[in-house]
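Student: I am sharing start.txt, which consists of compact mmCIF, C-alpha atoms:
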```txt
# COMPACT_ATOMS: atom_id res chain seq x y z
CA PHE A 264 -41.65 63.25 -75.50
CA SER A 265 -40.84 64.06 -79.13
CA ASP A 266 -42.86 61.03 -80.28
CA ASN A 267 -45.96 62.39 -78.49
CA PRO A 268 -45.44 66.12 -77.80
CA SER A 269 -48.54 66.81 -75.70
CA GLN A 270 -48.24 69.13 -72.73
CA ARG A 271 -47.96 67.00 -69.59
CA LYS A 272 -46.09 66.23 -66.40
CA MET A 273 -43.04 64.01 -66.57
CA GLY A 274 -43.21 60.65 -64.80
CA GLN A 275 -46.83 60.92 -63.66
CA GLY A 276 -47.59 58.53 -60.81
CA ARG A 277 -43.92 58.25 -59.89
CA ALA A 278 -41.84 60.02 -57.26
CA ILE A 279 -39.51 62.47 -59.02
CA PHE A 280 -36.51 64.01 -57.30
CA GLY A 281 -34.07 66.74 -58.24
CA LEU A 282 -30.46 67.09 -57.16
CA THR A 283 -28.92 70.40 -56.14
CA LYS A 284 -25.29 71.44 -56.65
CA ASP A 285 -24.46 70.58 -53.02
CA GLY A 286 -25.75 67.03 -53.52
CA SER A 287 -29.04 67.30 -51.59
CA GLU A 288 -32.25 65.86 -53.03
CA PHE A 289 -35.61 67.61 -53.29
CA PRO A 290 -39.06 66.40 -54.41
CA ALA A 291 -39.66 67.76 -57.90
CA GLU A 292 -42.33 68.15 -60.52
CA ILE A 293 -41.26 68.45 -64.15
CA GLY A 294 -43.59 69.89 -66.76
CA LEU A 295 -43.02 69.30 -70.46
CA ALA A 296 -44.32 71.43 -73.30
CA ARG A 297 -43.49 71.93 -77.00
CA PHE A 298 -43.22 75.26 -78.78
CA SER A 299 -41.77 76.54 -82.03
CA ASP A 300 -39.64 79.51 -82.98
CA GLU A 301 -37.44 80.47 -85.91
CA GLY A 302 -35.14 77.54 -85.21
CA GLY A 303 -37.97 74.99 -85.34
CA PHE A 304 -39.65 72.97 -82.58
CA LYS A 305 -38.20 73.02 -79.08
CA THR A 306 -39.09 71.31 -75.80
CA LEU A 307 -39.56 73.34 -72.65
CA ALA A 308 -38.95 71.53 -69.35
CA THR A 309 -39.97 73.29 -66.15
CA VAL A 310 -38.50 71.91 -62.92
CA MET A 311 -40.37 72.87 -59.74
CA ASN A 312 -39.05 72.34 -56.22
CA MET A 313 -42.03 70.81 -54.37
CA THR A 314 -40.50 70.77 -50.86
CA GLU A 315 -42.76 73.48 -49.42
CA TYR A 316 -45.79 72.05 -51.21
CA MET A 317 -45.12 68.61 -49.70
CA LYS A 318 -44.75 70.13 -46.22
CA ILE A 319 -48.05 72.03 -46.56
CA THR A 320 -49.82 68.94 -47.93
CA GLN A 321 -48.63 66.79 -45.02
CA GLU A 322 -49.67 69.48 -42.54
CA LEU A 323 -53.12 69.74 -44.12
CA LYS A 324 -53.53 65.95 -43.96
CA ARG A 325 -52.53 65.96 -40.29
CA SER A 326 -54.88 68.88 -39.49
CA ASN A 327 -57.79 67.23 -41.32
CA LYS A 328 -57.18 63.97 -39.47
CA GLU A 329 -57.17 65.75 -36.09
CA LEU A 330 -60.28 67.75 -37.01
CA ASN A 331 -62.17 64.63 -38.06
CA GLU A 332 -61.14 62.83 -34.87
CA PHE A 333 -62.23 65.82 -32.78
CA ALA A 334 -65.62 66.01 -34.52
CA TYR A 335 -66.18 62.28 -34.00
CA ILE A 336 -65.20 62.31 -30.30
CA ALA A 337 -67.05 65.55 -29.54
CA SER A 338 -70.29 64.40 -31.12
CA HIS A 339 -70.22 61.05 -29.32
CA ASP A 340 -69.26 62.53 -25.93
CA LEU A 341 -71.86 65.29 -26.14
CA LYS A 342 -74.77 63.13 -27.28
CA ALA A 343 -75.01 61.17 -24.01
CA PRO A 344 -75.74 64.20 -21.77
CA LEU A 345 -78.09 65.59 -24.41
CA ARG A 346 -80.16 62.43 -24.30
CA GLY A 347 -80.21 62.81 -20.50
CA ILE A 348 -81.55 66.36 -20.78
CA ILE A 349 -84.28 65.22 -23.17
CA GLN A 350 -85.28 62.39 -20.82
CA ILE A 351 -85.32 64.59 -17.71
CA SER A 352 -87.38 67.28 -19.44
CA SER A 353 -89.89 64.57 -20.44
CA TRP A 354 -90.15 63.40 -16.80
CA ILE A 355 -90.69 66.99 -15.60
CA GLU A 356 -93.35 67.51 -18.25
CA GLU A 357 -95.19 64.38 -17.09
CA ASP A 358 -94.96 65.38 -13.40
CA ILE A 359 -96.33 68.90 -13.83
CA SER A 360 -98.73 68.35 -16.74
CA ASP A 361 -101.84 68.51 -14.51
CA HIS A 362 -101.10 71.81 -12.73
CA ALA A 363 -98.50 73.70 -14.84
CA ASN A 364 -99.53 76.85 -16.66
CA GLU A 365 -99.27 77.21 -20.43
CA GLU A 366 -96.11 79.33 -20.24
CA THR A 367 -94.23 76.66 -18.26
CA ILE A 368 -95.33 73.93 -20.67
CA SER A 369 -94.22 76.05 -23.64
CA TYR A 370 -90.80 76.59 -22.01
CA LEU A 371 -90.39 72.83 -21.54
CA LYS A 372 -91.36 72.23 -25.15
CA LEU A 373 -88.82 74.86 -26.23
CA LEU A 374 -86.14 73.16 -24.10
CA LYS A 375 -86.83 69.78 -25.70
CA ASN A 376 -86.89 71.19 -29.23
CA ARG A 377 -83.60 73.03 -28.80
CA THR A 378 -81.95 69.98 -27.27
CA LEU A 379 -83.20 67.82 -30.15
CA ARG A 380 -81.84 70.38 -32.61
CA LEU A 381 -78.44 70.28 -30.92
CA GLU A 382 -78.48 66.49 -31.16
CA LYS A 383 -79.31 66.84 -34.88
CA ILE A 384 -76.39 69.27 -35.32
CA LEU A 385 -74.02 66.78 -33.68
CA ASP A 386 -75.30 63.97 -35.94
CA ASP A 387 -74.79 66.13 -39.03
CA LEU A 388 -71.38 67.33 -37.81
CA LEU A 389 -70.31 63.71 -37.45
CA ALA A 390 -71.64 62.88 -40.92
CA TYR A 391 -69.86 65.93 -42.39
CA SER A 392 -66.53 64.98 -40.82
CA ARG A 393 -66.71 61.41 -42.15
CA ILE A 394 -67.50 62.26 -45.80
CA GLY A 395 -64.88 60.69 -48.04
CA SER A 396 -63.30 58.61 -45.27
CA GLN A 397 -65.54 55.54 -45.41
CA SER A 398 -64.95 52.86 -48.00
CA GLU A 399 -68.00 51.40 -49.68
CA GLU A 400 -68.61 48.93 -52.48
CA LYS A 401 -70.63 50.13 -55.45
CA GLN A 402 -74.16 48.75 -55.74
CA MET A 403 -76.89 48.82 -58.36
CA VAL A 404 -79.32 51.68 -57.63
CA ASP A 405 -82.80 52.17 -59.07
CA THR A 406 -83.07 55.97 -58.76
CA LYS A 407 -86.86 56.01 -59.21
CA LEU A 408 -87.24 53.65 -56.27
CA LEU A 409 -84.67 55.64 -54.28
CA PHE A 410 -86.63 58.90 -54.61
CA GLU A 411 -89.99 57.19 -53.94
CA SER A 412 -88.87 55.30 -50.83
CA THR A 413 -87.03 58.31 -49.40
CA PHE A 414 -90.09 60.53 -49.90
CA GLU A 415 -92.32 58.04 -48.06
CA LEU A 416 -89.76 57.65 -45.27
CA LEU A 417 -89.81 61.42 -44.66
CA ASP A 418 -93.58 61.23 -43.93
CA PRO A 419 -94.68 64.22 -46.04
CA PRO A 420 -98.03 66.03 -45.48
CA ALA A 421 -101.01 64.43 -47.22
CA GLY A 422 -101.34 67.29 -49.70
CA LEU A 423 -97.74 67.11 -50.94
CA ARG A 424 -97.21 64.90 -54.02
CA LEU A 425 -94.05 63.54 -55.64
CA ILE A 426 -93.93 63.40 -59.46
CA ILE A 427 -91.02 61.50 -61.01
CA GLN A 428 -89.99 61.67 -64.66
CA GLU A 429 -90.27 58.50 -66.70
CA GLY A 430 -87.08 56.66 -67.59
CA MET A 431 -85.14 57.27 -64.38
CA PRO A 432 -81.74 55.54 -64.61
CA MET A 433 -80.60 52.39 -62.89
CA PHE A 434 -76.83 52.21 -62.54
CA GLU A 435 -73.97 51.06 -60.31
CA THR A 436 -72.69 53.66 -57.86
CA PHE A 437 -71.89 54.46 -54.22
CA THR A 438 -75.32 54.30 -52.62
CA THR A 439 -74.83 55.92 -49.20
CA PRO A 440 -73.68 59.37 -50.42
CA LEU A 441 -76.35 59.43 -53.14
CA GLU A 442 -79.05 58.48 -50.60
CA THR A 443 -77.81 61.25 -48.30
CA ILE A 444 -78.16 63.85 -51.07
CA VAL A 445 -81.65 62.67 -52.01
CA ARG A 446 -82.79 62.60 -48.37
CA ASN A 447 -81.53 66.12 -47.67
CA LEU A 448 -82.98 67.68 -50.83
CA LEU A 449 -86.39 66.03 -50.41
CA GLY A 450 -86.33 66.80 -46.68
CA ASN A 451 -85.70 70.48 -47.36
CA ALA A 452 -88.45 70.65 -49.98
CA ILE A 453 -90.94 69.10 -47.53
CA LYS A 454 -89.81 71.02 -44.45
CA HIS A 455 -89.85 74.47 -46.05
CA HIS A 456 -93.06 74.06 -48.07
CA ASN A 457 -95.56 76.72 -47.05
CA LYS A 458 -98.86 75.47 -48.51
CA ALA A 459 -101.31 72.69 -47.68
CA ASP A 460 -100.98 71.24 -51.18
CA GLY A 461 -97.93 71.09 -53.39
CA ILE A 462 -95.80 69.17 -55.85
CA ILE A 463 -92.17 68.08 -55.76
CA SER A 464 -90.92 67.06 -59.21
CA ILE A 465 -87.87 64.93 -60.03
CA THR A 466 -86.25 65.14 -63.46
CA VAL A 467 -83.07 63.70 -64.94
CA LYS A 468 -80.91 64.35 -68.01
CA GLU A 469 -78.25 61.92 -69.21
CA MET A 470 -74.90 63.47 -70.07
CA SER A 471 -71.66 61.94 -71.30
CA ALA A 472 -70.11 61.40 -67.87
CA TYR A 473 -72.91 62.43 -65.49
CA TYR A 474 -76.57 62.16 -64.66
CA GLU A 475 -78.13 65.58 -64.03
CA PHE A 476 -80.85 65.25 -61.37
CA SER A 477 -83.20 68.12 -60.48
CA VAL A 478 -85.44 68.40 -57.42
CA ILE A 479 -88.09 71.06 -58.07
CA ASP A 480 -90.67 72.29 -55.57
CA ASP A 481 -93.46 74.89 -55.71
CA GLY A 482 -92.78 76.25 -52.23
CA PRO A 483 -91.79 79.78 -51.18
CA GLY A 484 -88.45 79.84 -53.00
CA ILE A 485 -85.10 81.29 -51.93
CA GLU A 486 -84.10 84.87 -52.68
CA PRO A 487 -81.16 85.05 -55.17
CA GLU A 488 -79.06 87.04 -52.67
CA TYR A 489 -78.91 83.95 -50.43
CA HIS A 490 -78.02 81.38 -53.11
CA LYS A 491 -74.33 81.23 -52.16
CA GLN A 492 -74.83 81.49 -48.41
CA ILE A 493 -77.13 78.49 -48.10
CA PHE A 494 -74.25 76.08 -48.78
CA ASP A 495 -72.28 77.41 -45.77
CA LEU A 496 -72.10 75.41 -42.55
CA PHE A 497 -74.93 76.04 -40.04
CA LYS A 498 -76.65 78.48 -42.41
CA THR A 499 -80.43 78.62 -42.22
CA LEU A 500 -82.72 81.36 -43.50
CA ASN A 501 -85.58 80.66 -41.09
CA PRO A 502 -85.76 81.43 -37.35
CA ARG A 503 -84.27 78.56 -35.35
CA ASP A 504 -87.49 77.86 -33.47
CA GLN A 505 -89.66 78.06 -36.59
CA ILE A 506 -88.01 75.36 -38.72
CA GLU A 507 -86.23 72.39 -37.16
CA GLY A 508 -82.82 71.57 -38.59
CA SER A 509 -79.08 71.88 -38.13
CA GLY A 510 -78.37 74.21 -41.05
CA MET A 511 -75.88 71.65 -42.40
CA GLY A 512 -77.91 69.71 -44.98
CA LEU A 513 -76.77 71.64 -48.05
CA SER A 514 -73.18 71.82 -46.74
CA ILE A 515 -73.17 68.02 -46.47
CA ILE A 516 -74.52 67.72 -50.03
CA LYS A 517 -71.87 70.09 -51.39
CA LYS A 518 -69.02 68.26 -49.63
CA ILE A 519 -70.25 64.87 -50.86
CA LEU A 520 -70.40 66.18 -54.44
CA ASP A 521 -66.93 67.72 -54.11
CA VAL A 522 -65.57 64.32 -53.07
CA GLN A 523 -67.47 62.46 -55.81
CA GLY A 524 -66.53 64.94 -58.54
CA GLY A 525 -70.03 66.34 -58.99
CA SER A 526 -71.61 69.74 -58.36
CA ILE A 527 -74.86 71.40 -57.29
CA THR A 528 -76.65 74.57 -58.41
CA ILE A 529 -79.82 76.38 -57.38
CA MET A 530 -82.43 78.26 -59.40
CA SER A 531 -85.07 80.33 -57.59
CA ASP A 532 -86.51 83.83 -57.78
CA GLY A 533 -87.57 83.73 -54.13
CA LYS A 534 -91.26 83.70 -55.06
CA SER A 535 -92.26 80.64 -57.08
CA GLY A 536 -90.44 77.57 -55.85
CA THR A 537 -86.88 76.25 -55.95
CA CYS A 538 -84.93 73.94 -58.25
CA PHE A 539 -81.79 72.20 -56.98
CA THR A 540 -79.80 70.49 -59.74
CA PHE A 541 -76.87 68.20 -59.03
CA LEU A 542 -74.49 66.29 -61.25
CA TRP A 543 -73.74 62.70 -60.20
CA PRO A 544 -70.95 60.82 -61.98
CA LYS A 545 -71.91 57.72 -63.94
```
Now, as a test, write the supplied structure out as structure tokens.
Tutor:
Amino acid sequence: FSDNPSQRKMGQGRAIFGLTKDGSEFPAEIGLARFSDEGGFKTLATVMNMTEYMKITQELKRSNKELNEFAYIASHDLKAPLRGIIQISSWIEEDISDHANEETISYLKLLKNRTLRLEKILDDLLAYSRIGSQSEEKQMVDTKLLFESTFELLDPPAGLRLIIQEGMPMFETFTTPLETIVRNLLGNAIKHHNKADGIISITVKEMSAYYEFSVIDDGPGIEPEYHKQIFDLFKTLNPRDQIEGSGMGLSIIKKILDVQGGSITIMSDGKSGTCFTFLWPK
């Protein structure tokens, strides 16, 4: 340590153990630091007993594993009866279409829409629970093509245009999580747009370790008081029957970025559009 006196942990990447006076071992972490006083330079070693930390870590791992398994099983087991409800409601709608009144038809439509939303929630819950657990090889991604193809896939209204900055990067990365972020941000911009015509702009800045992507729309915006809430699970600012969605899109984005070492921020005054900016590691 004296040859390179930088503050650090001792034996990083190795299992360190301490020994008590009664001869029992305990998992330890040893921190090393250098300081000076009247007698010259000295080394400070801090020995921490990590037994409780290890117990809590193992318990958290076990709880997360059980939670992920529950989410996976629940979503799969619940989707089958949901599809049955959707199918039956379609049959009823066909059978009574000639003589049903408008109120009955509207109730059936409401039933189908709410069932479809629940199916969407289960899909997103499954996706949320599996973030970080799937292994994937890195692939070369053309980000300009990614934004263009995703926008077309989402079938936007004819009056909504996508403008992409020149010089979008092409680099090797994990494609599935990046595609998920792009799809959710573009989907939100399209879904919540409140005018017949509009523009969604994509910009990028290159940083030392990240690319900073921004998705900017000229829609209604989001009031600043809701900027933190929108990243919570199942949070939506619109009435459930007005805008289709699970309320999980931004939560999924945030969790993906947490796993990948990125981040996301929002800028909006609630009147003149919204800008979501996320950092994606190179």
Student: For the atom pair CA of Gln428 (chain A) and CA of Val467 (chain A), what is the interatomic distance in Å to one decimal place?
Tutor: 7.2 Å
Student: Between CA of Thr378 (chain A) and CA of Arg346 (chain A), measure the distance and give it in Å to one decimal.
Tutor: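 So the answer is 8.3 Å.
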Student: Could you check how far CA of Gly430 (chain A) sits from CA of Leu449 (chain A), in Å to one decimal?
Tutor: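 CA of Gly430 (chain A) sits 19.6 Å away from CA of Leu449 (chain A).
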Student: Identify, on the basis of only C-alpha atoms, every residue whose closest approach to Leu408 (chain A) does not exceed 12 Å; exclude the query and any residue fewer than 5 positions from it along the same chain; express the result as a VMD selection string.
Tutor: chain A and resid 403 413 to 416 427 to 433 442 445 465
Student: Have a look at A:Ser412, A:Thr443, A:Gln492, A:Ser299 and name the one nearest to Ile519 (chain A); count all atoms listed in the file.
Tutor: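 Smallest distance to Ile519 (chain A) is found for A:Thr443.
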Student: Please list, as a PyMOL selection string, the residues that have an atom at most 10 Å away from (-70.0, 72.2, -50.8) in the coordinates of this file, counting only C-alpha atoms.
Tutor: chain A and resi 493-496+513-522+526-527
Student: Please, can region 367-378 of chain A be completed to all heavy atoms and returned as a compact mmCIF listing (two decimals), keeping the file's coordinate frame?
Tutor:
```txt
# COMPACT_ATOMS: atom_id res chain seq x y z
N THR A 367 -95.21 77.65 -18.71
CA THR A 367 -94.23 76.66 -18.26
C THR A 367 -94.14 75.50 -19.25
O THR A 367 -93.05 75.03 -19.58
CB THR A 367 -94.60 76.14 -16.86
OG1 THR A 367 -94.65 77.23 -15.95
CG2 THR A 367 -93.56 75.13 -16.37
N ILE A 368 -95.30 75.03 -19.71
CA ILE A 368 -95.33 73.93 -20.67
C ILE A 368 -94.64 74.33 -21.98
O ILE A 368 -93.90 73.55 -22.58
CB ILE A 368 -96.77 73.48 -20.94
CG1 ILE A 368 -97.36 72.83 -19.67
CG2 ILE A 368 -96.85 72.52 -22.12
CD1 ILE A 368 -98.83 72.51 -19.76
N SER A 369 -94.86 75.59 -22.40
CA SER A 369 -94.22 76.05 -23.64
C SER A 369 -92.70 76.14 -23.47
O SER A 369 -91.94 75.86 -24.40
CB SER A 369 -94.79 77.41 -24.05
OG SER A 369 -94.40 78.43 -23.15
N TYR A 370 -92.25 76.53 -22.26
CA TYR A 370 -90.80 76.59 -22.01
C TYR A 370 -90.18 75.19 -22.06
O TYR A 370 -89.09 75.00 -22.59
CB TYR A 370 -90.52 77.22 -20.64
CG TYR A 370 -90.70 78.71 -20.60
CD1 TYR A 370 -91.01 79.36 -19.41
CD2 TYR A 370 -90.53 79.48 -21.75
CE1 TYR A 370 -91.18 80.74 -19.36
CE2 TYR A 370 -90.70 80.86 -21.70
CZ TYR A 370 -91.02 81.49 -20.52
OH TYR A 370 -91.17 82.84 -20.49
N LEU A 371 -90.88 74.21 -21.50
CA LEU A 371 -90.39 72.83 -21.54
C LEU A 371 -90.32 72.31 -22.97
O LEU A 371 -89.37 71.64 -23.37
CB LEU A 371 -91.29 71.93 -20.69
CG LEU A 371 -90.97 71.84 -19.20
CD1 LEU A 371 -92.06 71.06 -18.47
CD2 LEU A 371 -89.61 71.18 -18.97
N LYS A 372 -91.34 72.64 -23.74
CA LYS A 372 -91.36 72.23 -25.15
C LYS A 372 -90.20 72.87 -25.90
O LYS A 372 -89.52 72.22 -26.71
CB LYS A 372 -92.68 72.63 -25.80
CG LYS A 372 -92.83 72.15 -27.23
CD LYS A 372 -94.19 72.54 -27.82
CE LYS A 372 -94.30 72.07 -29.27
NZ LYS A 372 -95.60 72.48 -29.87
N LEU A 373 -89.93 74.14 -25.60
CA LEU A 373 -88.82 74.86 -26.23
C LEU A 373 -87.49 74.21 -25.84
O LEU A 373 -86.59 74.05 -26.69
CB LEU A 373 -88.85 76.32 -25.80
CG LEU A 373 -87.94 77.29 -26.55
CD1 LEU A 373 -88.34 77.38 -28.02
CD2 LEU A 373 -88.01 78.68 -25.91
N LEU A 374 -87.36 73.82 -24.57
CA LEU A 374 -86.14 73.16 -24.10
C LEU A 374 -85.90 71.86 -24.85
O LEU A 374 -84.78 71.59 -25.32
CB LEU A 374 -86.25 72.90 -22.59
CG LEU A 374 -85.15 72.03 -21.97
CD1 LEU A 374 -83.81 72.75 -22.04
CD2 LEU A 374 -85.48 71.68 -20.52
N LYS A 375 -86.96 71.05 -24.98
CA LYS A 375 -86.83 69.78 -25.70
C LYS A 375 -86.48 69.99 -27.16
O LYS A 375 -85.61 69.31 -27.72
CB LYS A 375 -88.12 68.97 -25.57
CG LYS A 375 -88.35 68.37 -24.19
CD LYS A 375 -89.68 67.67 -24.11
CE LYS A 375 -89.74 66.43 -24.95
NZ LYS A 375 -91.01 65.70 -24.81
N ASN A 376 -87.14 70.95 -27.81
CA ASN A 376 -86.89 71.19 -29.23
C ASN A 376 -85.46 71.65 -29.47
O ASN A 376 -84.82 71.23 -30.43
CB ASN A 376 -87.88 72.23 -29.77
CG ASN A 376 -89.28 71.67 -29.93
OD1 ASN A 376 -89.47 70.46 -29.95
ND2 ASN A 376 -90.27 72.54 -30.05
N ARG A 377 -84.97 72.53 -28.62
CA ARG A 377 -83.60 73.03 -28.80
C ARG A 377 -82.57 71.95 -28.51
O ARG A 377 -81.51 71.90 -29.14
CB ARG A 377 -83.38 74.26 -27.92
CG ARG A 377 -84.15 75.46 -28.42
CD ARG A 377 -83.89 76.72 -27.65
NE ARG A 377 -84.57 77.85 -28.25
CZ ARG A 377 -84.55 79.09 -27.75
NH1 ARG A 377 -83.89 79.33 -26.62
NH2 ARG A 377 -85.19 80.07 -28.36
N THR A 378 -82.87 71.08 -27.56
CA THR A 378 -81.95 69.98 -27.27
C THR A 378 -81.94 68.99 -28.43
O THR A 378 -80.88 68.49 -28.82
CB THR A 378 -82.36 69.27 -25.97
OG1 THR A 378 -82.52 70.23 -24.93
CG2 THR A 378 -81.29 68.27 -25.54
```
